[in-house]
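Dumped data08.cif below, it's mmCIF, C-alpha atoms and all ligand atoms:
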```cif
data_model
loop_
_atom_site.label_atom_id
_atom_site.label_comp_id
_atom_site.auth_asym_id
_atom_site.auth_seq_id
_atom_site.Cartn_x
_atom_site.Cartn_y
_atom_site.Cartn_z
CA MET A 1 19.60 -15.22 21.79
CA PHE A 2 16.52 -15.64 23.90
CA PHE A 3 13.55 -17.65 22.77
CA ARG A 4 10.30 -17.52 24.55
CA VAL A 5 9.15 -21.00 25.41
CA SER A 6 5.57 -21.56 24.33
CA GLU A 7 3.16 -21.28 27.15
CA GLY A 8 0.47 -23.85 27.81
CA GLY A 9 -2.56 -23.51 25.57
CA ASN A 10 -0.63 -22.52 22.49
CA SER A 11 -0.46 -25.54 20.28
CA LEU A 12 0.53 -23.64 17.15
CA LYS A 13 3.60 -25.28 15.71
CA ARG A 14 3.88 -24.02 12.17
CA ILE A 15 2.67 -20.97 10.27
CA GLY A 16 3.01 -19.68 6.72
CA VAL A 17 3.55 -16.21 5.28
CA LEU A 18 2.95 -14.86 1.78
CA THR A 19 2.91 -11.55 -0.05
CA SER A 20 0.32 -11.01 -2.75
CA GLY A 21 -0.94 -8.49 -5.29
CA GLY A 22 0.93 -5.24 -5.83
CA ASP A 23 4.19 -5.07 -3.90
CA SER A 24 5.06 -2.20 -1.59
CA PRO A 25 8.23 -1.06 0.16
CA GLY A 26 8.32 -2.46 3.67
CA MET A 27 6.86 -5.86 2.81
CA ASN A 28 10.29 -7.35 3.49
CA ALA A 29 10.37 -5.79 6.93
CA ALA A 30 6.93 -7.30 7.57
CA ILE A 31 8.06 -10.77 6.43
CA ARG A 32 11.10 -10.45 8.69
CA ALA A 33 8.91 -9.53 11.64
CA VAL A 34 6.57 -12.48 11.05
CA VAL A 35 9.47 -14.92 10.76
CA ARG A 36 11.45 -13.63 13.72
CA LYS A 37 8.45 -13.19 16.01
CA ALA A 38 7.25 -16.70 15.24
CA ILE A 39 10.68 -18.26 15.80
CA TYR A 40 10.94 -16.25 19.02
CA HIS A 41 7.78 -18.06 20.08
CA ASP A 42 9.24 -21.38 18.98
CA ILE A 43 6.94 -21.66 15.96
CA GLU A 44 8.22 -22.79 12.58
CA VAL A 45 7.60 -20.50 9.61
CA TYR A 46 7.18 -21.47 6.00
CA GLY A 47 7.56 -18.90 3.24
CA ILE A 48 5.07 -19.23 0.40
CA TYR A 49 6.51 -17.81 -2.81
CA TYR A 50 4.55 -15.88 -5.47
CA GLY A 51 1.43 -15.29 -3.42
CA TYR A 52 -1.63 -17.47 -3.95
CA ALA A 53 -0.14 -18.85 -7.19
CA GLY A 54 2.74 -20.32 -5.19
CA LEU A 55 0.33 -21.54 -2.55
CA ILE A 56 -1.60 -23.55 -5.13
CA ALA A 57 1.63 -24.79 -6.74
CA GLY A 58 3.21 -25.73 -3.39
CA ASP A 59 6.12 -23.30 -3.82
CA ILE A 60 6.72 -23.36 -0.09
CA LYS A 61 9.99 -23.44 1.87
CA LYS A 62 10.94 -23.41 5.51
CA MET A 63 12.39 -20.12 6.72
CA GLU A 64 15.08 -19.66 9.33
CA LEU A 65 16.22 -16.64 11.30
CA GLY A 66 18.86 -16.06 8.65
CA SER A 67 16.39 -16.32 5.75
CA VAL A 68 15.25 -12.81 6.55
CA GLY A 69 18.67 -11.33 7.32
CA ASP A 70 19.68 -8.20 5.42
CA ILE A 71 16.24 -7.52 3.94
CA ILE A 72 14.77 -4.94 6.33
CA HIS A 73 16.06 -2.08 4.19
CA ARG A 74 15.16 -3.51 0.79
CA GLY A 75 12.13 -2.62 -1.31
CA GLY A 76 10.03 -5.26 -3.05
CA THR A 77 9.36 -8.62 -1.46
CA MET A 78 11.80 -11.52 -1.08
CA LEU A 79 8.84 -13.91 -1.31
CA TYR A 80 7.86 -12.35 -4.64
CA THR A 81 4.26 -11.71 -5.47
CA ALA A 82 1.79 -12.65 -8.15
CA ARG A 83 -1.76 -12.23 -9.25
CA CYS A 84 -3.66 -15.49 -9.42
CA GLU A 85 -7.08 -15.77 -11.01
CA GLU A 86 -7.36 -19.44 -10.06
CA PHE A 87 -7.44 -18.55 -6.38
CA LYS A 88 -10.69 -16.69 -6.93
CA THR A 89 -12.34 -20.06 -7.62
CA LEU A 90 -13.42 -22.56 -4.97
CA GLU A 91 -11.26 -25.20 -6.61
CA GLY A 92 -8.19 -22.95 -6.43
CA GLN A 93 -8.84 -22.19 -2.77
CA GLN A 94 -9.23 -25.89 -1.96
CA LYS A 95 -5.95 -26.67 -3.70
CA GLY A 96 -4.32 -23.96 -1.57
CA ILE A 97 -5.71 -25.43 1.63
CA GLU A 98 -4.52 -28.90 0.61
CA GLN A 99 -0.99 -27.53 0.23
CA LEU A 100 -1.17 -25.83 3.62
CA LYS A 101 -2.25 -29.11 5.18
CA LYS A 102 0.42 -31.05 3.31
CA PHE A 103 3.08 -28.81 4.80
CA GLY A 104 1.49 -28.97 8.25
CA ILE A 105 0.85 -25.22 8.27
CA GLU A 106 -1.77 -24.25 10.84
CA GLY A 107 -2.08 -20.51 10.33
CA LEU A 108 -1.30 -18.03 7.59
CA VAL A 109 -0.24 -14.39 7.40
CA VAL A 110 -1.18 -12.65 4.15
CA ILE A 111 0.61 -9.38 3.42
CA GLY A 112 -1.07 -7.40 0.63
CA GLY A 113 -3.87 -5.11 -0.44
CA ASP A 114 -7.63 -5.46 -0.53
CA GLY A 115 -7.59 -8.09 -3.31
CA SER A 116 -5.23 -10.23 -1.26
CA PHE A 117 -7.48 -9.73 1.76
CA GLN A 118 -10.38 -11.16 -0.23
CA GLY A 119 -8.30 -14.28 -0.72
CA ALA A 120 -7.59 -14.32 3.03
CA GLN A 121 -11.31 -13.92 3.70
CA LYS A 122 -12.01 -16.99 1.58
CA LEU A 123 -9.42 -19.06 3.48
CA THR A 124 -10.97 -17.96 6.76
CA GLY A 125 -14.38 -18.91 5.41
CA HIS A 126 -13.07 -22.41 4.73
CA GLY A 127 -11.95 -22.60 8.36
CA PHE A 128 -8.27 -21.88 7.83
CA PRO A 129 -6.83 -19.38 10.37
CA THR A 130 -5.65 -16.38 8.38
CA ILE A 131 -4.53 -12.86 9.35
CA GLY A 132 -4.19 -9.94 6.90
CA VAL A 133 -1.38 -7.39 7.09
CA PRO A 134 -2.03 -4.27 4.98
CA GLY A 135 0.75 -3.72 2.44
CA THR A 136 0.03 -1.30 -0.38
CA ILE A 137 1.27 2.13 -1.38
CA ASP A 138 -2.33 3.26 -1.95
CA ASN A 139 -3.21 3.57 1.76
CA ASP A 140 -6.70 2.37 0.86
CA ILE A 141 -7.42 -0.31 3.47
CA PRO A 142 -10.18 0.56 5.96
CA GLY A 143 -9.29 -0.11 9.60
CA THR A 144 -5.79 1.30 9.49
CA ASP A 145 -4.56 4.88 9.34
CA PHE A 146 -1.55 3.78 7.29
CA THR A 147 -0.61 0.83 5.11
CA ILE A 148 2.92 -0.49 4.71
CA GLY A 149 4.59 1.29 1.79
CA PHE A 150 2.54 4.46 1.74
CA ASP A 151 5.11 6.60 3.51
CA THR A 152 7.92 5.43 1.22
CA ALA A 153 5.84 6.03 -1.91
CA LEU A 154 4.86 9.44 -0.60
CA ASN A 155 8.50 10.38 -0.17
CA THR A 156 9.34 9.03 -3.62
CA VAL A 157 6.61 11.20 -5.13
CA ILE A 158 7.75 14.24 -3.15
CA ASP A 159 11.32 13.70 -4.31
CA ALA A 160 10.21 13.46 -7.94
CA ILE A 161 8.03 16.57 -7.69
CA ASP A 162 10.86 18.51 -6.02
CA LYS A 163 13.03 17.69 -9.01
CA ILE A 164 10.32 18.68 -11.45
CA ARG A 165 9.90 21.91 -9.49
CA ASP A 166 13.59 22.76 -9.95
CA THR A 167 13.35 22.51 -13.70
CA ALA A 168 9.87 24.02 -13.71
CA THR A 169 11.18 27.25 -12.19
CA SER A 170 13.39 27.71 -15.24
CA HIS A 171 10.41 27.71 -17.58
CA GLU A 172 6.95 29.11 -17.44
CA ARG A 173 4.91 26.01 -17.71
CA THR A 174 2.17 24.04 -16.10
CA TYR A 175 3.31 20.66 -14.87
CA ILE A 176 0.87 17.82 -14.48
CA ILE A 177 2.03 14.85 -12.47
CA GLU A 178 0.05 11.62 -12.47
CA VAL A 179 0.54 9.55 -9.34
CA MET A 180 -0.71 6.08 -8.43
CA GLY A 181 -4.01 5.49 -6.68
CA ARG A 182 -6.70 3.60 -8.56
CA HIS A 183 -9.44 4.20 -6.04
CA ALA A 184 -7.72 6.26 -3.38
CA GLY A 185 -6.41 9.79 -3.53
CA ASP A 186 -4.21 9.61 -0.43
CA LEU A 187 -0.91 9.57 -2.28
CA ALA A 188 -1.95 12.50 -4.49
CA LEU A 189 -3.38 14.44 -1.57
CA TRP A 190 -0.48 13.97 0.82
CA ALA A 191 2.11 14.62 -1.89
CA GLY A 192 0.19 17.66 -3.10
CA LEU A 193 0.01 19.11 0.38
CA ALA A 194 3.67 18.32 1.04
CA ASP A 195 4.71 19.88 -2.24
CA GLY A 196 2.42 22.89 -2.34
CA ALA A 197 0.67 21.83 -5.53
CA GLU A 198 -1.77 24.37 -6.95
CA THR A 199 -4.37 21.75 -7.69
CA ILE A 200 -4.88 18.16 -6.59
CA LEU A 201 -7.32 15.86 -8.33
CA ILE A 202 -8.47 12.84 -6.36
CA PRO A 203 -11.17 10.25 -7.08
CA GLU A 204 -12.98 11.10 -3.84
CA ALA A 205 -13.73 14.71 -4.80
CA ASP A 206 -15.28 16.31 -7.87
CA TYR A 207 -13.38 19.07 -9.54
CA ASP A 208 -14.41 22.18 -11.43
CA PHE A 209 -12.37 22.48 -14.62
CA ASP A 210 -13.20 26.17 -15.09
CA GLN A 211 -12.03 26.90 -11.56
CA ILE A 212 -8.72 25.20 -12.32
CA THR A 213 -8.11 27.24 -15.47
CA TYR A 214 -9.17 30.42 -13.64
CA ARG A 215 -6.65 29.76 -10.87
CA LEU A 216 -3.91 29.01 -13.39
CA LYS A 217 -4.50 32.28 -15.23
CA ARG A 218 -4.71 34.21 -12.00
CA GLY A 219 -1.41 32.71 -10.89
CA GLN A 220 0.20 33.62 -14.18
CA GLU A 221 -1.02 37.20 -13.87
CA ARG A 222 0.55 37.60 -10.48
CA GLY A 223 3.86 36.39 -11.89
CA LYS A 224 3.91 32.72 -10.88
CA LYS A 225 6.70 30.95 -12.68
CA HIS A 226 5.03 27.61 -12.83
CA SER A 227 2.11 25.60 -11.59
CA ILE A 228 1.97 22.03 -10.40
CA ILE A 229 -1.14 19.92 -10.71
CA ILE A 230 -1.26 16.44 -9.23
CA VAL A 231 -3.68 13.92 -10.69
CA ALA A 232 -4.41 10.61 -8.99
CA GLU A 233 -4.65 7.90 -11.64
CA GLY A 234 -8.15 7.04 -10.42
CA VAL A 235 -9.38 10.39 -11.72
CA GLY A 236 -8.24 9.62 -15.26
CA SER A 237 -5.25 9.98 -17.51
CA GLY A 238 -2.80 12.79 -16.71
CA MET A 239 -1.97 12.95 -20.43
CA GLU A 240 -5.58 13.58 -21.38
CA PHE A 241 -6.02 16.12 -18.63
CA GLY A 242 -2.86 17.95 -19.80
CA GLN A 243 -4.13 18.05 -23.36
CA ARG A 244 -7.47 19.41 -22.26
CA LEU A 245 -5.80 22.07 -20.14
CA LYS A 246 -3.52 23.09 -22.96
CA GLU A 247 -6.43 23.49 -25.33
CA ALA A 248 -8.42 25.49 -22.79
CA THR A 249 -5.65 27.86 -21.64
CA ASN A 250 -3.11 27.92 -24.43
CA MET A 251 -0.47 27.45 -21.73
CA GLU A 252 2.48 25.17 -22.20
CA THR A 253 1.85 21.97 -20.27
CA ARG A 254 4.13 19.07 -19.51
CA VAL A 255 2.87 15.76 -18.19
CA THR A 256 4.86 13.29 -16.09
CA VAL A 257 3.43 9.88 -15.26
CA LEU A 258 5.48 8.68 -12.29
CA GLY A 259 4.49 5.03 -12.73
CA HIS A 260 6.26 2.15 -11.05
CA ILE A 261 9.08 4.12 -9.46
CA GLN A 262 6.45 4.81 -6.79
CA ARG A 263 6.44 1.15 -5.79
CA GLY A 264 10.19 0.83 -5.37
CA GLY A 265 12.96 2.05 -3.15
CA SER A 266 14.28 1.41 0.30
CA PRO A 267 11.45 1.70 2.84
CA THR A 268 11.43 4.78 5.05
CA GLY A 269 11.94 4.50 8.79
CA ALA A 270 8.20 4.94 9.31
CA ASP A 271 7.41 2.04 6.98
CA ARG A 272 10.03 -0.26 8.52
CA VAL A 273 8.69 0.41 11.99
CA LEU A 274 5.06 0.00 10.90
CA ALA A 275 5.86 -3.24 9.05
CA SER A 276 7.75 -4.64 12.05
CA ARG A 277 4.91 -3.83 14.42
CA LEU A 278 2.13 -5.12 12.17
CA GLY A 279 3.99 -8.30 11.16
CA ALA A 280 4.69 -9.17 14.79
CA LYS A 281 1.11 -8.37 15.79
CA ALA A 282 -0.20 -10.80 13.18
CA VAL A 283 1.80 -13.61 14.81
CA ASP A 284 0.52 -12.60 18.26
CA LEU A 285 -3.05 -12.80 16.99
CA LEU A 286 -2.53 -16.27 15.49
CA LEU A 287 -1.09 -17.33 18.84
CA GLU A 288 -4.19 -16.01 20.55
CA GLY A 289 -6.26 -18.20 18.26
CA LYS A 290 -7.62 -15.31 16.18
CA SER A 291 -8.54 -15.77 12.54
CA GLY A 292 -10.19 -13.70 9.85
CA VAL A 293 -8.87 -10.39 11.08
CA THR A 294 -6.71 -7.66 9.61
CA VAL A 295 -4.14 -5.80 11.65
CA GLY A 296 -3.77 -2.05 11.50
CA ILE A 297 -2.63 1.07 13.26
CA GLN A 298 -5.04 3.72 14.45
CA GLN A 299 -3.89 6.73 16.43
CA ASN A 300 -0.54 4.97 16.81
CA LYS A 301 -2.11 1.97 18.56
CA LEU A 302 -2.05 -1.49 17.07
CA VAL A 303 -5.58 -2.66 16.36
CA TYR A 304 -7.32 -5.47 14.55
CA HIS A 305 -10.66 -5.73 12.80
CA ASP A 306 -12.82 -8.45 11.40
CA ILE A 307 -11.78 -8.99 7.79
CA ASP A 308 -15.42 -8.94 6.62
CA GLU A 309 -15.85 -5.57 8.28
CA ALA A 310 -12.62 -4.19 6.78
CA LEU A 311 -13.60 -5.33 3.30
CA SER A 312 -17.19 -4.10 3.52
CA LYS A 313 -16.15 -0.57 4.46
CA LYS A 314 -15.18 1.97 1.87
CA HIS A 315 -11.86 3.72 2.22
CA THR A 316 -12.29 7.41 2.88
CA VAL A 317 -9.84 10.20 2.35
CA ASP A 318 -9.42 13.04 4.83
CA LEU A 319 -11.47 15.75 3.15
CA ASP A 320 -10.32 18.35 5.69
CA MET A 321 -6.84 17.85 4.31
CA TYR A 322 -8.20 18.32 0.82
CA THR A 323 -9.84 21.59 1.84
CA LEU A 324 -6.61 22.67 3.51
CA SER A 325 -4.65 22.00 0.34
CA GLN A 326 -7.02 24.31 -1.52
CA GLU A 327 -6.81 26.99 1.14
CA LEU A 328 -3.02 26.96 1.09
CA SER A 329 -2.73 27.15 -2.66
CA ILE A 330 -4.77 30.32 -3.23
P1 LIG A 401 -3.94 -6.32 -4.06
O1 LIG A 401 -3.84 -7.31 -2.97
O2 LIG A 401 -2.70 -5.50 -4.22
O3 LIG A 401 -5.21 -5.50 -3.99
P2 LIG A 401 -5.10 -7.85 -6.30
O4 LIG A 401 -6.40 -7.14 -6.27
O5 LIG A 401 -4.48 -8.09 -7.61
O6 LIG A 401 -3.98 -7.13 -5.44
O7 LIG A 401 -5.30 -9.25 -5.57
C1 LIG A 401 -4.22 -10.13 -5.40
C2 LIG A 401 -4.67 -11.56 -5.51
O8 LIG A 401 -5.58 -11.85 -4.45
C3 LIG A 401 -5.42 -11.93 -6.77
O9 LIG A 401 -4.58 -12.16 -7.88
C4 LIG A 401 -6.10 -13.23 -6.31
O10 LIG A 401 -5.20 -14.30 -6.32
C5 LIG A 401 -6.46 -12.89 -4.86
N1 LIG A 401 -7.86 -12.45 -4.83
C6 LIG A 401 -8.36 -11.26 -5.20
N2 LIG A 401 -9.71 -11.24 -5.08
C7 LIG A 401 -10.09 -12.47 -4.65
C8 LIG A 401 -11.34 -13.11 -4.35
N3 LIG A 401 -12.48 -12.46 -4.49
N4 LIG A 401 -11.32 -14.38 -3.91
C9 LIG A 401 -10.16 -15.04 -3.76
N5 LIG A 401 -8.95 -14.52 -4.04
C10 LIG A 401 -8.90 -13.24 -4.48
#
```
Would you write the structure of this file as structure tokens?
Amino acid sequence: MFFRVSEGGNSLKRIGVLTSGGDSPGMNAAIRAVVRKAIYHDIEVYGIYYGYAGLIAGDIKKMELGSVGDIIHRGGTMLYTARCEEFKTLEGQQKGIEQLKKFGIEGLVVIGGDGSFQGAQKLTGHGFPTIGVPGTIDNDIPGTDFTIGFDTALNTVIDAIDKIRDTATSHERTYIIEVMGRHAGDLALWAGLADGAETILIPEADYDFDQITYRLKRGQERGKKHSIIIVAEGVGSGMEFGQRLKEATNMETRVTVLGHIQRGGSPTGADRVLASRLGAKAVDLLLEGKSGVTVGIQQNKLVYHDIDEALSKKHTVDLDMYTLSQELSI
């Protein structure tokens, strides 16, 4: 085992890591990368359990190389996660900083989504060095092409739709599948393109209901056995949409809300690699004395952006892909 001896100028002795908000597959691989990369640099790592709630409560334990053994392939997060309203208050943030100081932690890695990044932004604002690592299945963080967990969730959705397709072929029905994505249509769009869905509804694009019913009828006339419509949850309820469609077309419709299965499962290779790279990069940035930045991947290069900038930008979906999905499902 080779450890890199700290070079002059790096006085960082102890860092912390937490996962917060919605969990995503690959968070464990990111935690492992943070812990191992830090120990490699002779820095101690403390795991903060249950996100900002655990930070306030002082639920903090030292991690060793072995603490993160056998987790790279597991979904969820070994540090658990929580939502914590108290951390949105100045008092809550100050309590968190007191705990960090009490444990001698000098820098923090926050793995989570945009809500968690707002917490990280607050810590940075109070002068505490903090780096954000994007972990969410929604793929909705500006400044990175992909977030940790998106690829796994995408494959989970594809797998579920493939199964629905098998049974769908046996009946002549319209299947509506609601997928996660409160504000972002990436999961719906990518899954729809990968699964040849007839129609994809995403929050970033308006849809024409009459056009949808027209396409369904046209498909039926040319002998299509079934149709698959994917609805991102941000557009509205799949159930309600199914009901509306049934009333408008008189076609049999079946609605499946995929729900939390999309958050689980063993992370894909792509997510494990992404998590390992981003987690390690976060430690490198702390070592370089950076704070208030989020790490990301753009055009397969590791990048980092100011957290204020990342949070002020709006996530955008690739509308060319949306157009393509429509062109391919004529
Ligand atoms: P995600 O990180 O998945 O987007 P949430 O939006 O639920 O999840 O945020 C996770 C946690 O981050 C919240 O429960 C809260 O503790 C913290 N957080 C969110 N917004 C803020 C804020 N404006 N200031 C401080 N902390 C915040």
Give me, as a PDB file with C-alpha atoms, in the frame of the given file, all polymer residues having an atom no more than 9 Å from A:Glu98, counting all atoms listed in the file and skipping those fewer than 5 positions away in the same chain.
```
ATOM      1  CA  ILE A  56      -1.600 -23.550  -5.130  1.00  0.00           C
ATOM      2  CA  GLN A  93      -8.840 -22.190  -2.770  1.00  0.00           C
ATOM      3  CA  PHE A 103       3.080 -28.810   4.800  1.00  0.00           C
TER       4      PHE A 103
END
```
(message) From the options A:Ser24, A:Thr136, A:Ser116, A:Ser227, which residue's atoms come nearest to A:Asp186, counting all atoms listed in the file?
(response) A:Thr136
Residues of stretch 89-170 of chain A within 9 Å of stretch 288-295 of chain A: nearest atom pair and distance (Å, one decimal) for each, counting all atoms listed in the file, sorted by chain and number, as JSON lines?
```
{"residue": "A:Gly107", "atom": "CA", "partner": "A:Ser291", "partner_atom": "CA", "distance": 8.3}
{"residue": "A:Phe117", "atom": "CA", "partner": "A:Thr294", "partner_atom": "CA", "distance": 8.2}
{"residue": "A:Ala120", "atom": "CA", "partner": "A:Gly292", "partner_atom": "CA", "distance": 7.3}
{"residue": "A:Gln121", "atom": "CA", "partner": "A:Gly292", "partner_atom": "CA", "distance": 6.3}
{"residue": "A:Leu123", "atom": "CA", "partner": "A:Gly292", "partner_atom": "CA", "distance": 8.4}
{"residue": "A:Thr124", "atom": "CA", "partner": "A:Gly292", "partner_atom": "CA", "distance": 5.3}
{"residue": "A:Gly125", "atom": "CA", "partner": "A:Gly292", "partner_atom": "CA", "distance": 8.0}
{"residue": "A:Gly127", "atom": "CA", "partner": "A:Ser291", "partner_atom": "CA", "distance": 8.7}
{"residue": "A:Phe128", "atom": "CA", "partner": "A:Ser291", "partner_atom": "CA", "distance": 7.7}
{"residue": "A:Pro129", "atom": "CA", "partner": "A:Ser291", "partner_atom": "CA", "distance": 4.5}
{"residue": "A:Thr130", "atom": "CA", "partner": "A:Ser291", "partner_atom": "CA", "distance": 5.1}
{"residue": "A:Ile131", "atom": "CA", "partner": "A:Val293", "partner_atom": "CA", "distance": 5.3}
{"residue": "A:Gly132", "atom": "CA", "partner": "A:Thr294", "partner_atom": "CA", "distance": 4.3}
{"residue": "A:Val133", "atom": "CA", "partner": "A:Val295", "partner_atom": "CA", "distance": 5.6}
{"residue": "A:Pro134", "atom": "CA", "partner": "A:Val295", "partner_atom": "CA", "distance": 7.2}
{"residue": "A:Gly143", "atom": "CA", "partner": "A:Val295", "partner_atom": "CA", "distance": 7.9}
{"residue": "A:Thr144", "atom": "CA", "partner": "A:Val295", "partner_atom": "CA", "distance": 7.6}
```
(request) Grab the atom CA of A:His41 to atom CA of A:Lys301 distance for me, in Å with one decimal place. (result) 22.4 Å
(request) Measuring atom to atom with only C-alpha atoms and all ligand atoms, identify which of A:Lys314, A:Arg277, A:His171, A:Arg182 is nearest to ligand LIG 401 (chain A). (result)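 Result for the nearest residue to ligand LIG 401 (chain A): A:Arg182.
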All residues having an atom within 8 Å of ligand LIG 401 (chain A) (all atoms listed in the file) as a tab-separated table (two decimals) with C-alpha atoms, in the coordinates of the input:
```tsv
chain	number	residue	atom	x	y	z
A	20	SER	CA	0.32	-11.01	-2.75
A	21	GLY	CA	-0.94	-8.49	-5.29
A	22	GLY	CA	0.93	-5.24	-5.83
A	23	ASP	CA	4.19	-5.07	-3.90
A	51	GLY	CA	1.43	-15.29	-3.42
A	52	TYR	CA	-1.63	-17.47	-3.95
A	53	ALA	CA	-0.14	-18.85	-7.19
A	82	ALA	CA	1.79	-12.65	-8.15
A	83	ARG	CA	-1.76	-12.23	-9.25
A	84	CYS	CA	-3.66	-15.49	-9.42
A	85	GLU	CA	-7.08	-15.77	-11.01
A	86	GLU	CA	-7.36	-19.44	-10.06
A	87	PHE	CA	-7.44	-18.55	-6.38
A	88	LYS	CA	-10.69	-16.69	-6.93
A	89	THR	CA	-12.34	-20.06	-7.62
A	93	GLN	CA	-8.84	-22.19	-2.77
A	112	GLY	CA	-1.07	-7.40	0.63
A	113	GLY	CA	-3.87	-5.11	-0.44
A	114	ASP	CA	-7.63	-5.46	-0.53
A	115	GLY	CA	-7.59	-8.09	-3.31
A	116	SER	CA	-5.23	-10.23	-1.26
A	117	PHE	CA	-7.48	-9.73	1.76
A	118	GLN	CA	-10.38	-11.16	-0.23
A	119	GLY	CA	-8.30	-14.28	-0.72
A	120	ALA	CA	-7.59	-14.32	3.03
A	121	GLN	CA	-11.31	-13.92	3.70
A	122	LYS	CA	-12.01	-16.99	1.58
A	135	GLY	CA	0.75	-3.72	2.44
A	136	THR	CA	0.03	-1.30	-0.38
```
